[in-house]
$ cat data.cif   # mmCIF, C-alpha atoms
data_work
loop_
_atom_site.label_atom_id
_atom_site.label_comp_id
_atom_site.auth_asym_id
_atom_site.auth_seq_id
_atom_site.Cartn_x
_atom_site.Cartn_y
_atom_site.Cartn_z
CA MET A 269 0.00 0.00 0.00
CA VAL A 270 1.37 3.37 -0.98
CA GLY A 271 1.74 5.73 1.98
CA VAL A 272 1.01 8.95 0.13
CA SER A 273 -1.93 9.16 -2.25
CA SER A 274 -3.06 11.86 -4.64
CA LEU A 275 -6.65 11.48 -3.44
CA ASP A 276 -8.43 14.82 -3.04
CA PRO A 277 -7.87 15.77 0.64
CA ALA A 278 -11.52 16.87 0.91
CA ILE A 279 -12.52 13.27 0.17
CA ALA A 280 -9.69 11.65 2.13
CA GLU A 281 -10.76 13.42 5.33
CA ARG A 282 -14.25 11.88 5.06
CA LEU A 283 -13.01 8.27 4.85
CA LYS A 284 -13.10 6.01 7.89
CA ARG A 285 -10.55 3.32 7.07
CA ASP A 286 -10.11 -0.04 8.77
CA ALA A 287 -6.89 -1.19 10.46
CA GLN A 288 -5.42 -1.98 7.01
CA GLY A 289 -6.28 1.50 5.70
CA LEU A 290 -9.12 0.18 3.55
CA VAL A 291 -12.77 0.90 2.89
CA THR A 292 -15.29 -1.59 1.51
CA ALA A 293 -16.40 -1.04 -2.10
CA VAL A 294 -19.73 -2.50 -3.23
CA ILE A 295 -19.88 -2.74 -7.01
CA GLN A 296 -23.34 -2.53 -8.56
CA ASP A 297 -24.30 -2.84 -12.22
CA ALA A 298 -25.79 0.54 -13.19
CA GLU A 299 -28.22 -1.05 -15.66
CA SER A 300 -29.32 -4.41 -14.19
CA ARG A 301 -28.87 -3.10 -10.62
CA ASP A 302 -27.30 -6.46 -9.67
CA VAL A 303 -24.70 -6.34 -6.91
CA LEU A 304 -21.70 -7.70 -8.83
CA MET A 305 -18.89 -7.99 -6.29
CA VAL A 306 -17.28 -6.44 -3.24
CA GLY A 307 -13.71 -5.19 -3.25
CA TRP A 308 -11.44 -3.10 -1.09
CA MET A 309 -9.94 0.31 -1.75
CA ASP A 310 -7.28 2.36 -0.04
CA ASP A 311 -6.96 6.09 -0.78
CA GLU A 312 -4.90 5.50 -3.90
CA ALA A 313 -7.25 2.85 -5.33
CA LEU A 314 -10.15 5.26 -4.83
CA HIS A 315 -8.13 8.08 -6.41
CA ARG A 316 -7.41 5.90 -9.45
CA THR A 317 -11.05 4.76 -9.66
CA LEU A 318 -12.27 8.37 -9.61
CA THR A 319 -9.70 9.70 -12.08
CA THR A 320 -9.42 6.82 -14.57
CA GLY A 321 -13.06 5.69 -14.51
CA ARG A 322 -11.90 2.07 -14.12
CA GLY A 323 -12.72 0.04 -11.01
CA THR A 324 -9.40 -0.22 -9.16
CA PHE A 325 -8.90 -2.16 -5.95
CA TRP A 326 -6.39 -3.21 -3.32
CA SER A 327 -5.89 -6.96 -3.11
CA ARG A 328 -5.59 -8.00 0.53
CA SER A 329 -4.26 -11.44 -0.40
CA ARG A 330 -1.73 -10.29 -3.00
CA GLN A 331 -0.98 -6.89 -1.39
CA THR A 332 -1.11 -5.07 -4.70
CA TYR A 333 -3.41 -2.88 -6.78
CA TRP A 334 -5.54 -4.48 -9.46
CA VAL A 335 -7.76 -3.02 -12.15
CA LYS A 336 -10.91 -5.03 -12.81
CA GLY A 337 -10.62 -6.58 -16.27
CA GLU A 338 -6.95 -5.79 -16.85
CA THR A 339 -6.22 -9.47 -17.46
CA SER A 340 -9.71 -10.84 -18.24
CA GLY A 341 -10.97 -7.93 -20.35
CA ASN A 342 -14.12 -7.85 -18.19
CA THR A 343 -13.74 -4.17 -17.37
CA GLN A 344 -15.82 -1.89 -15.19
CA ALA A 345 -16.56 1.61 -16.52
CA VAL A 346 -17.39 3.69 -13.46
CA ARG A 347 -20.54 5.82 -13.67
CA GLU A 348 -21.04 6.94 -10.10
CA VAL A 349 -19.30 6.67 -6.70
CA ARG A 350 -21.05 7.27 -3.38
CA LEU A 351 -19.75 7.25 0.20
CA ASP A 352 -21.98 5.96 2.99
CA CYS A 353 -23.10 7.74 6.14
CA ASP A 354 -20.26 6.20 8.19
CA GLY A 355 -17.54 6.97 5.64
CA ASP A 356 -16.36 3.34 5.59
CA THR A 357 -18.17 1.97 2.53
CA LEU A 358 -18.31 3.04 -1.12
CA LEU A 359 -21.09 2.23 -3.58
CA VAL A 360 -19.70 2.16 -7.11
CA LEU A 361 -22.12 1.99 -10.06
CA VAL A 362 -20.53 0.57 -13.17
CA ASP A 363 -21.12 -0.56 -16.71
CA GLN A 364 -19.77 -4.11 -16.51
CA THR A 365 -18.34 -5.77 -19.61
CA GLY A 366 -18.67 -9.56 -19.46
CA PRO A 367 -18.93 -11.56 -16.25
CA ALA A 368 -17.91 -9.70 -13.08
CA CYS A 369 -16.77 -12.81 -11.19
CA HIS A 370 -13.39 -14.45 -11.75
CA THR A 371 -15.23 -17.80 -11.74
CA GLY A 372 -17.02 -16.76 -14.94
CA THR A 373 -20.45 -16.13 -13.43
CA ARG A 374 -22.22 -12.84 -13.98
CA THR A 375 -21.90 -11.81 -10.34
CA CYS A 376 -19.89 -13.15 -7.38
CA PHE A 377 -23.16 -14.06 -5.64
CA ASP A 378 -24.62 -16.46 -8.23
CA ALA A 379 -23.34 -19.81 -6.96
CA ASP A 380 -24.17 -20.15 -3.26
CA ARG A 381 -27.66 -19.39 -1.95
CA LEU A 382 -28.06 -19.86 1.82
CA LEU A 383 -31.73 -18.79 2.04
CA MET B 124 -18.99 -11.91 20.15
CA VAL B 125 -20.24 -15.31 21.23
CA GLY B 126 -17.63 -18.05 20.82
CA VAL B 127 -20.03 -20.85 19.99
CA SER B 128 -22.79 -20.32 17.46
CA SER B 129 -25.71 -22.49 16.38
CA LEU B 130 -24.97 -21.72 12.72
CA ASP B 131 -25.34 -24.77 10.46
CA PRO B 132 -21.81 -26.28 10.30
CA ALA B 133 -22.24 -26.84 6.53
CA ILE B 134 -22.54 -23.05 6.16
CA ALA B 135 -19.97 -22.17 8.82
CA GLU B 136 -17.26 -24.14 7.03
CA ARG B 137 -17.78 -22.09 3.86
CA LEU B 138 -17.26 -18.71 5.58
CA LYS B 139 -13.96 -16.90 5.29
CA ARG B 140 -14.00 -14.54 8.26
CA ASP B 141 -11.74 -11.53 8.87
CA ALA B 142 -9.47 -11.14 11.90
CA GLN B 143 -12.51 -10.15 14.00
CA GLY B 144 -14.45 -13.24 12.90
CA LEU B 145 -16.75 -11.21 10.65
CA VAL B 146 -18.03 -11.27 7.08
CA THR B 147 -19.34 -8.26 5.18
CA ALA B 148 -23.11 -8.15 4.61
CA VAL B 149 -24.44 -6.06 1.72
CA ILE B 150 -28.13 -5.31 2.20
CA GLN B 151 -30.16 -4.76 -0.97
CA ASP B 152 -33.83 -3.83 -1.28
CA ALA B 153 -35.50 -6.79 -3.01
CA GLU B 154 -38.01 -4.54 -4.80
CA SER B 155 -36.23 -1.28 -5.66
CA ARG B 156 -32.87 -3.09 -5.97
CA ASP B 157 -31.20 -0.19 -4.14
CA VAL B 158 -28.16 -1.05 -2.06
CA LEU B 159 -29.40 0.07 1.35
CA MET B 160 -26.48 -0.40 3.74
CA VAL B 161 -23.51 -2.58 4.63
CA GLY B 162 -23.22 -4.33 7.98
CA TRP B 163 -21.11 -7.03 9.57
CA MET B 164 -22.06 -10.52 10.70
CA ASP B 165 -20.33 -13.16 12.74
CA ASP B 166 -21.58 -16.75 12.68
CA GLU B 167 -24.26 -16.08 15.28
CA ALA B 168 -25.57 -12.93 13.56
CA LEU B 169 -25.86 -14.92 10.32
CA HIS B 170 -27.57 -17.77 12.17
CA ARG B 171 -30.09 -15.34 13.64
CA THR B 172 -30.64 -13.64 10.27
CA LEU B 173 -31.32 -16.99 8.60
CA THR B 174 -33.57 -18.37 11.32
CA THR B 175 -35.53 -15.26 12.39
CA GLY B 176 -35.81 -13.60 8.98
CA ARG B 177 -34.69 -10.29 10.52
CA GLY B 178 -31.46 -8.59 9.48
CA THR B 179 -29.16 -9.09 12.47
CA PHE B 180 -25.64 -7.68 12.70
CA TRP B 181 -22.56 -7.39 14.87
CA SER B 182 -21.71 -3.82 15.83
CA ARG B 183 -17.97 -3.35 15.67
CA SER B 184 -18.16 -0.06 17.58
CA ARG B 185 -20.53 -1.23 20.32
CA GLN B 186 -19.35 -4.89 20.33
CA THR B 187 -22.89 -6.21 20.50
CA TYR B 188 -25.58 -7.73 18.30
CA TRP B 189 -28.24 -5.48 16.85
CA VAL B 190 -31.41 -6.19 14.92
CA LYS B 191 -32.18 -3.67 12.21
CA GLY B 192 -35.29 -1.73 13.26
CA GLU B 193 -35.47 -3.00 16.82
CA THR B 194 -35.40 0.58 18.12
CA SER B 195 -36.44 2.56 15.01
CA GLY B 196 -39.14 0.19 13.74
CA ASN B 197 -37.47 0.29 10.31
CA THR B 198 -37.18 -3.47 10.05
CA GLN B 199 -35.71 -5.68 7.37
CA ALA B 200 -37.64 -8.81 6.40
CA VAL B 201 -35.08 -11.12 4.83
CA ARG B 202 -36.05 -12.72 1.50
CA GLU B 203 -32.80 -14.20 0.28
CA VAL B 204 -29.19 -14.64 1.47
CA ARG B 205 -26.29 -15.42 -0.83
CA LEU B 206 -22.60 -16.06 -0.14
CA ASP B 207 -19.99 -14.82 -2.60
CA CYS B 208 -17.33 -16.83 -4.42
CA ASP B 209 -14.69 -16.02 -1.77
CA GLY B 210 -16.92 -16.84 1.20
CA ASP B 211 -16.26 -13.47 2.82
CA THR B 212 -19.29 -11.44 1.73
CA LEU B 213 -23.03 -11.98 2.02
CA LEU B 214 -25.70 -10.43 -0.18
CA VAL B 215 -28.96 -10.10 1.74
CA LEU B 216 -32.15 -9.19 -0.13
CA VAL B 217 -34.76 -7.62 2.12
CA ASP B 218 -38.14 -5.96 2.25
CA GLN B 219 -37.20 -2.73 4.02
CA THR B 220 -39.77 -0.90 6.12
CA GLY B 221 -39.09 2.84 6.28
CA PRO B 222 -35.67 4.40 5.76
CA ALA B 223 -32.72 2.01 6.02
CA CYS B 224 -30.24 4.62 7.23
CA HIS B 225 -30.06 5.78 10.84
CA THR B 226 -29.80 9.35 9.49
CA GLY B 227 -33.33 9.02 8.12
CA THR B 228 -32.43 8.75 4.44
CA ARG B 229 -33.73 5.85 2.35
CA THR B 230 -30.27 4.32 1.94
CA CYS B 231 -26.90 4.93 3.60
CA PHE B 232 -25.51 6.10 0.25
CA ASP B 233 -27.89 9.00 -0.44
CA ALA B 234 -25.96 11.91 1.04
CA ASP B 235 -22.40 11.90 -0.31
CA ARG B 236 -21.72 11.52 -4.03
CA LEU B 237 -18.01 11.57 -4.97
CA LEU B 238 -18.48 11.07 -8.73
#
$ encode --input "data.cif" --output "structure tokens"
Amino acid sequence: MVGVSSLDPAIAERLKRDAQGLVTAVIQDAESRDVLMVGWMDDEALHRTLTTGRGTFWSRSRQTYWVKGETSGNTQAVREVRLDCDGDTLLVLVDQTGPACHTGTRTCFDADRLL
Amino acid sequence: MVGVSSLDPAIAERLKRDAQGLVTAVIQDAESRDVLMVGWMDDEALHRTLTTGRGTFWSRSRQTYWVKGETSGNTQAVREVRLDCDGDTLLVLVDQTGPACHTGTRTCFDADRLL
């Protein structure tokens, strides 16, 4: 994780990060309104998401940034980003190309229904 | 957080919990398809959500369980619960009564648009 980010300080001061410096990012399809996936963003990932219009995340397992679709081609064009009342969760509305899940399903929630 | 939960072991073994024993729970309105809020569940909160049909969470700040609407009356009747491909996030579809946000707005994402 990069210590210094170019994120707008007016936004950075509203974030309530967890112990790893991250906020939760819920990704929703702007058209179908399906919840596609949940990822994690630090200040720099949010900065890149806002300025490039591509969903950009911090991988907790690989400890690196990743851009959705950069290897699969299943990109996310960002339409809208909202911060929640607590400042610890983002809602990102996207135009999703192809399946959003790395398993090949449309969303990450398609395979396992508990109720 | 209660150490022993009554959660179905077949479900419990599929959960990938964080260091605090929690999974992320994205709450979506089953009708409007709006993402309403994000909360946190340990095994027992998930067990209670599945068996009572009421959205039940673990409060990280207050270190206690809470049932959505138990003080405000703005309850969540649970229709569907799905686990994501990683096992660390739940998608909960609900019939929301009244505003979902404690600030009185319909969702927790209504007030602060970043993009």
$ closest_atom_pairs --input "data.cif" --of "chain A" --to "chain B" --cutoff "8 Å" --atoms "all atoms listed in the file" --output "CSV"
residue,atom,partner,partner_atom,distance
A:Ile279,CA,B:Leu237,CA,7.7
A:Val294,CA,B:Val149,CA,7.7
A:Arg301,CA,B:Arg156,CA,6.1
A:Asp302,CA,B:Arg156,CA,7.5
A:Val303,CA,B:Leu214,CA,7.9
A:Met305,CA,B:Asp207,CA,7.8
A:Val306,CA,B:Thr212,CA,7.3
A:Leu318,CA,B:Leu238,CA,6.8
A:Arg347,CA,B:Leu238,CA,7.5
A:Glu348,CA,B:Leu238,CA,5.0
A:Val349,CA,B:Leu238,CA,4.9
A:Arg350,CA,B:Arg236,CA,4.4
A:Leu351,CA,B:Asp235,CA,5.4
A:Asp352,CA,B:Phe232,CA,4.5
A:Cys353,CA,B:Cys231,CA,5.4
A:Thr357,CA,B:Val161,CA,7.3
A:Leu358,CA,B:Phe232,CA,7.9
A:Leu359,CA,B:Phe232,CA,7.0
A:Cys369,CA,B:Cys208,CA,7.9
A:Thr371,CA,B:Cys208,CA,7.7
A:Cys376,CA,B:Asp207,CA,5.1
A:Phe377,CA,B:Asp207,CA,4.5
A:Asp378,CA,B:Asp207,CA,7.5
A:Ala379,CA,B:Cys208,CA,7.2
A:Asp380,CA,B:Leu206,CA,5.4
A:Arg381,CA,B:Arg205,CA,4.3
A:Leu382,CA,B:Val204,CA,5.4
A:Leu383,CA,B:Val204,CA,4.9
$ atom_distance --input "data.cif" --atom1 "atom CA of Val127 of chain B" --atom2 "atom CA of Glu167 of chain B"
7.9 Å
$ atom_distance --input "data.cif" --atom1 "atom CA of His170 of chain B" --atom2 "atom CA of Ser184 of chain B"
20.8 Å
$ atom_distance --input "data.cif" --atom1 "atom CA of Arg183 of chain B" --atom2 "atom CA of Phe325 of chain A"
23.5 Å
$ residues_around --input "data.cif" --residues "Glu136 of chain B" --least-positions-apart "3" --cutoff "12 Å" --atoms "all atoms listed in the file" --output "PyMOL selection string"
chain B and resi 130-133+139-140+166+210-211
$ write_last_selection --input "data.cif" --atoms "C-alpha atoms" --output "PDB file, keeping the file's coordinate frame"
ATOM      1  CA  LEU B 130     -24.970 -21.720  12.720  1.00  0.00           C
ATOM      2  CA  ASP B 131     -25.340 -24.770  10.460  1.00  0.00           C
ATOM      3  CA  PRO B 132     -21.810 -26.280  10.300  1.00  0.00           C
ATOM      4  CA  ALA B 133     -22.240 -26.840   6.530  1.00  0.00           C
ATOM      5  CA  LYS B 139     -13.960 -16.900   5.290  1.00  0.00           C
ATOM      6  CA  ARG B 140     -14.000 -14.540   8.260  1.00  0.00           C
ATOM      7  CA  ASP B 166     -21.580 -16.750  12.680  1.00  0.00           C
ATOM      8  CA  GLY B 210     -16.920 -16.840   1.200  1.00  0.00           C
ATOM      9  CA  ASP B 211     -16.260 -13.470   2.820  1.00  0.00           C
TER      10      ASP B 211
END
$ resolve_selection --input "data.cif" --expression "the PyMOL selection byres ((chain B and resi 188-192) around 10)" --output "ChimeraX atom specification"
/B:124-125,162-165,167-168,171-172,177-183,185-187,193-200,219-225
$ decode --input "data.cif" --residues "segment 299-310 of chain A" --atoms "all heavy atoms" --output "PDB file, in the first residue's frame"
ATOM      1  N   GLU A 299     -27.039  -0.733 -14.854  1.00  0.00           N
ATOM      2  CA  GLU A 299     -28.223  -1.049 -15.657  1.00  0.00           C
ATOM      3  C   GLU A 299     -29.099  -2.119 -14.999  1.00  0.00           C
ATOM      4  O   GLU A 299     -30.254  -1.880 -14.711  1.00  0.00           O
ATOM      5  CB  GLU A 299     -27.802  -1.526 -17.058  1.00  0.00           C
ATOM      6  CG  GLU A 299     -27.271  -0.433 -17.957  1.00  0.00           C
ATOM      7  CD  GLU A 299     -28.315   0.642 -18.273  1.00  0.00           C
ATOM      8  OE1 GLU A 299     -29.516   0.312 -18.330  1.00  0.00           O
ATOM      9  OE2 GLU A 299     -27.931   1.804 -18.463  1.00  0.00           O
ATOM     10  N   SER A 300     -28.518  -3.300 -14.740  1.00  0.00           N
ATOM     11  CA  SER A 300     -29.317  -4.406 -14.194  1.00  0.00           C
ATOM     12  C   SER A 300     -29.590  -4.214 -12.706  1.00  0.00           C
ATOM     13  O   SER A 300     -30.503  -4.827 -12.167  1.00  0.00           O
ATOM     14  CB  SER A 300     -28.586  -5.733 -14.396  1.00  0.00           C
ATOM     15  OG  SER A 300     -27.465  -5.825 -13.526  1.00  0.00           O
ATOM     16  N   ARG A 301     -28.766  -3.352 -12.059  1.00  0.00           N
ATOM     17  CA  ARG A 301     -28.867  -3.097 -10.618  1.00  0.00           C
ATOM     18  C   ARG A 301     -28.451  -4.320  -9.790  1.00  0.00           C
ATOM     19  O   ARG A 301     -28.658  -4.355  -8.575  1.00  0.00           O
ATOM     20  CB  ARG A 301     -30.276  -2.639 -10.214  1.00  0.00           C
ATOM     21  CG  ARG A 301     -30.845  -1.555 -11.122  1.00  0.00           C
ATOM     22  CD  ARG A 301     -30.549  -0.189 -10.628  1.00  0.00           C
ATOM     23  NE  ARG A 301     -31.325   0.111  -9.444  1.00  0.00           N
ATOM     24  CZ  ARG A 301     -30.923   0.953  -8.506  1.00  0.00           C
ATOM     25  NH1 ARG A 301     -29.749   1.549  -8.616  1.00  0.00           N
ATOM     26  NH2 ARG A 301     -31.661   1.211  -7.460  1.00  0.00           N
ATOM     27  N   ASP A 302     -27.859  -5.332 -10.416  1.00  0.00           N
ATOM     28  CA  ASP A 302     -27.300  -6.455  -9.666  1.00  0.00           C
ATOM     29  C   ASP A 302     -26.089  -6.004  -8.862  1.00  0.00           C
ATOM     30  O   ASP A 302     -25.266  -5.221  -9.370  1.00  0.00           O
ATOM     31  CB  ASP A 302     -26.823  -7.559 -10.624  1.00  0.00           C
ATOM     32  CG  ASP A 302     -27.964  -8.333 -11.242  1.00  0.00           C
ATOM     33  OD1 ASP A 302     -29.035  -8.439 -10.598  1.00  0.00           O
ATOM     34  OD2 ASP A 302     -27.801  -8.831 -12.370  1.00  0.00           O
ATOM     35  N   VAL A 303     -25.953  -6.506  -7.644  1.00  0.00           N
ATOM     36  CA  VAL A 303     -24.699  -6.345  -6.914  1.00  0.00           C
ATOM     37  C   VAL A 303     -23.719  -7.347  -7.513  1.00  0.00           C
ATOM     38  O   VAL A 303     -23.967  -8.557  -7.499  1.00  0.00           O
ATOM     39  CB  VAL A 303     -24.874  -6.563  -5.401  1.00  0.00           C
ATOM     40  CG1 VAL A 303     -23.528  -6.489  -4.692  1.00  0.00           C
ATOM     41  CG2 VAL A 303     -25.841  -5.533  -4.829  1.00  0.00           C
ATOM     42  N   LEU A 304     -22.628  -6.853  -8.068  1.00  0.00           N
ATOM     43  CA  LEU A 304     -21.705  -7.701  -8.828  1.00  0.00           C
ATOM     44  C   LEU A 304     -20.632  -8.329  -7.948  1.00  0.00           C
ATOM     45  O   LEU A 304     -20.329  -9.509  -8.082  1.00  0.00           O
ATOM     46  CB  LEU A 304     -21.039  -6.884  -9.928  1.00  0.00           C
ATOM     47  CG  LEU A 304     -21.989  -6.284 -10.974  1.00  0.00           C
ATOM     48  CD1 LEU A 304     -21.211  -5.352 -11.910  1.00  0.00           C
ATOM     49  CD2 LEU A 304     -22.672  -7.383 -11.773  1.00  0.00           C
ATOM     50  N   MET A 305     -20.030  -7.536  -7.095  1.00  0.00           N
ATOM     51  CA  MET A 305     -18.894  -7.993  -6.291  1.00  0.00           C
ATOM     52  C   MET A 305     -18.631  -6.982  -5.187  1.00  0.00           C
ATOM     53  O   MET A 305     -19.191  -5.882  -5.197  1.00  0.00           O
ATOM     54  CB  MET A 305     -17.635  -8.128  -7.160  1.00  0.00           C
ATOM     55  CG  MET A 305     -17.300  -6.874  -7.941  1.00  0.00           C
ATOM     56  SD  MET A 305     -15.681  -6.873  -8.763  1.00  0.00           S
ATOM     57  CE  MET A 305     -14.608  -6.322  -7.420  1.00  0.00           C
ATOM     58  N   VAL A 306     -17.774  -7.365  -4.259  1.00  0.00           N
ATOM     59  CA  VAL A 306     -17.285  -6.438  -3.240  1.00  0.00           C
ATOM     60  C   VAL A 306     -15.771  -6.467  -3.277  1.00  0.00           C
ATOM     61  O   VAL A 306     -15.166  -7.544  -3.353  1.00  0.00           O
ATOM     62  CB  VAL A 306     -17.820  -6.817  -1.839  1.00  0.00           C
ATOM     63  CG1 VAL A 306     -17.053  -6.105  -0.739  1.00  0.00           C
ATOM     64  CG2 VAL A 306     -19.308  -6.483  -1.741  1.00  0.00           C
ATOM     65  N   GLY A 307     -15.158  -5.296  -3.291  1.00  0.00           N
ATOM     66  CA  GLY A 307     -13.709  -5.194  -3.255  1.00  0.00           C
ATOM     67  C   GLY A 307     -13.287  -4.226  -2.169  1.00  0.00           C
ATOM     68  O   GLY A 307     -14.114  -3.761  -1.377  1.00  0.00           O
ATOM     69  N   TRP A 308     -11.991  -3.958  -2.135  1.00  0.00           N
ATOM     70  CA  TRP A 308     -11.437  -3.100  -1.092  1.00  0.00           C
ATOM     71  C   TRP A 308     -10.610  -2.008  -1.743  1.00  0.00           C
ATOM     72  O   TRP A 308      -9.881  -2.264  -2.710  1.00  0.00           O
ATOM     73  CB  TRP A 308     -10.589  -3.945  -0.134  1.00  0.00           C
ATOM     74  CG  TRP A 308     -11.439  -4.993   0.499  1.00  0.00           C
ATOM     75  CD1 TRP A 308     -11.716  -6.228   0.004  1.00  0.00           C
ATOM     76  CD2 TRP A 308     -12.199  -4.869   1.700  1.00  0.00           C
ATOM     77  NE1 TRP A 308     -12.595  -6.893   0.835  1.00  0.00           N
ATOM     78  CE2 TRP A 308     -12.903  -6.084   1.874  1.00  0.00           C
ATOM     79  CE3 TRP A 308     -12.347  -3.854   2.660  1.00  0.00           C
ATOM     80  CZ2 TRP A 308     -13.745  -6.301   2.967  1.00  0.00           C
ATOM     81  CZ3 TRP A 308     -13.186  -4.077   3.740  1.00  0.00           C
ATOM     82  CH2 TRP A 308     -13.870  -5.285   3.895  1.00  0.00           C
ATOM     83  N   MET A 309     -10.712  -0.805  -1.217  1.00  0.00           N
ATOM     84  CA  MET A 309      -9.937   0.314  -1.754  1.00  0.00           C
ATOM     85  C   MET A 309      -9.215   1.046  -0.633  1.00  0.00           C
ATOM     86  O   MET A 309      -9.794   1.303   0.424  1.00  0.00           O
ATOM     87  CB  MET A 309     -10.861   1.321  -2.458  1.00  0.00           C
ATOM     88  CG  MET A 309     -11.511   0.797  -3.723  1.00  0.00           C
ATOM     89  SD  MET A 309     -12.433   2.119  -4.575  1.00  0.00           S
ATOM     90  CE  MET A 309     -13.269   1.163  -5.855  1.00  0.00           C
ATOM     91  N   ASP A 310      -7.955   1.373  -0.878  1.00  0.00           N
ATOM     92  CA  ASP A 310      -7.277   2.355  -0.044  1.00  0.00           C
ATOM     93  C   ASP A 310      -7.412   3.706  -0.760  1.00  0.00           C
ATOM     94  O   ASP A 310      -8.084   3.814  -1.789  1.00  0.00           O
ATOM     95  CB  ASP A 310      -5.820   1.954   0.224  1.00  0.00           C
ATOM     96  CG  ASP A 310      -4.973   1.972  -1.038  1.00  0.00           C
ATOM     97  OD1 ASP A 310      -5.505   2.236  -2.130  1.00  0.00           O
ATOM     98  OD2 ASP A 310      -3.756   1.722  -0.924  1.00  0.00           O
TER      99      ASP A 310
END
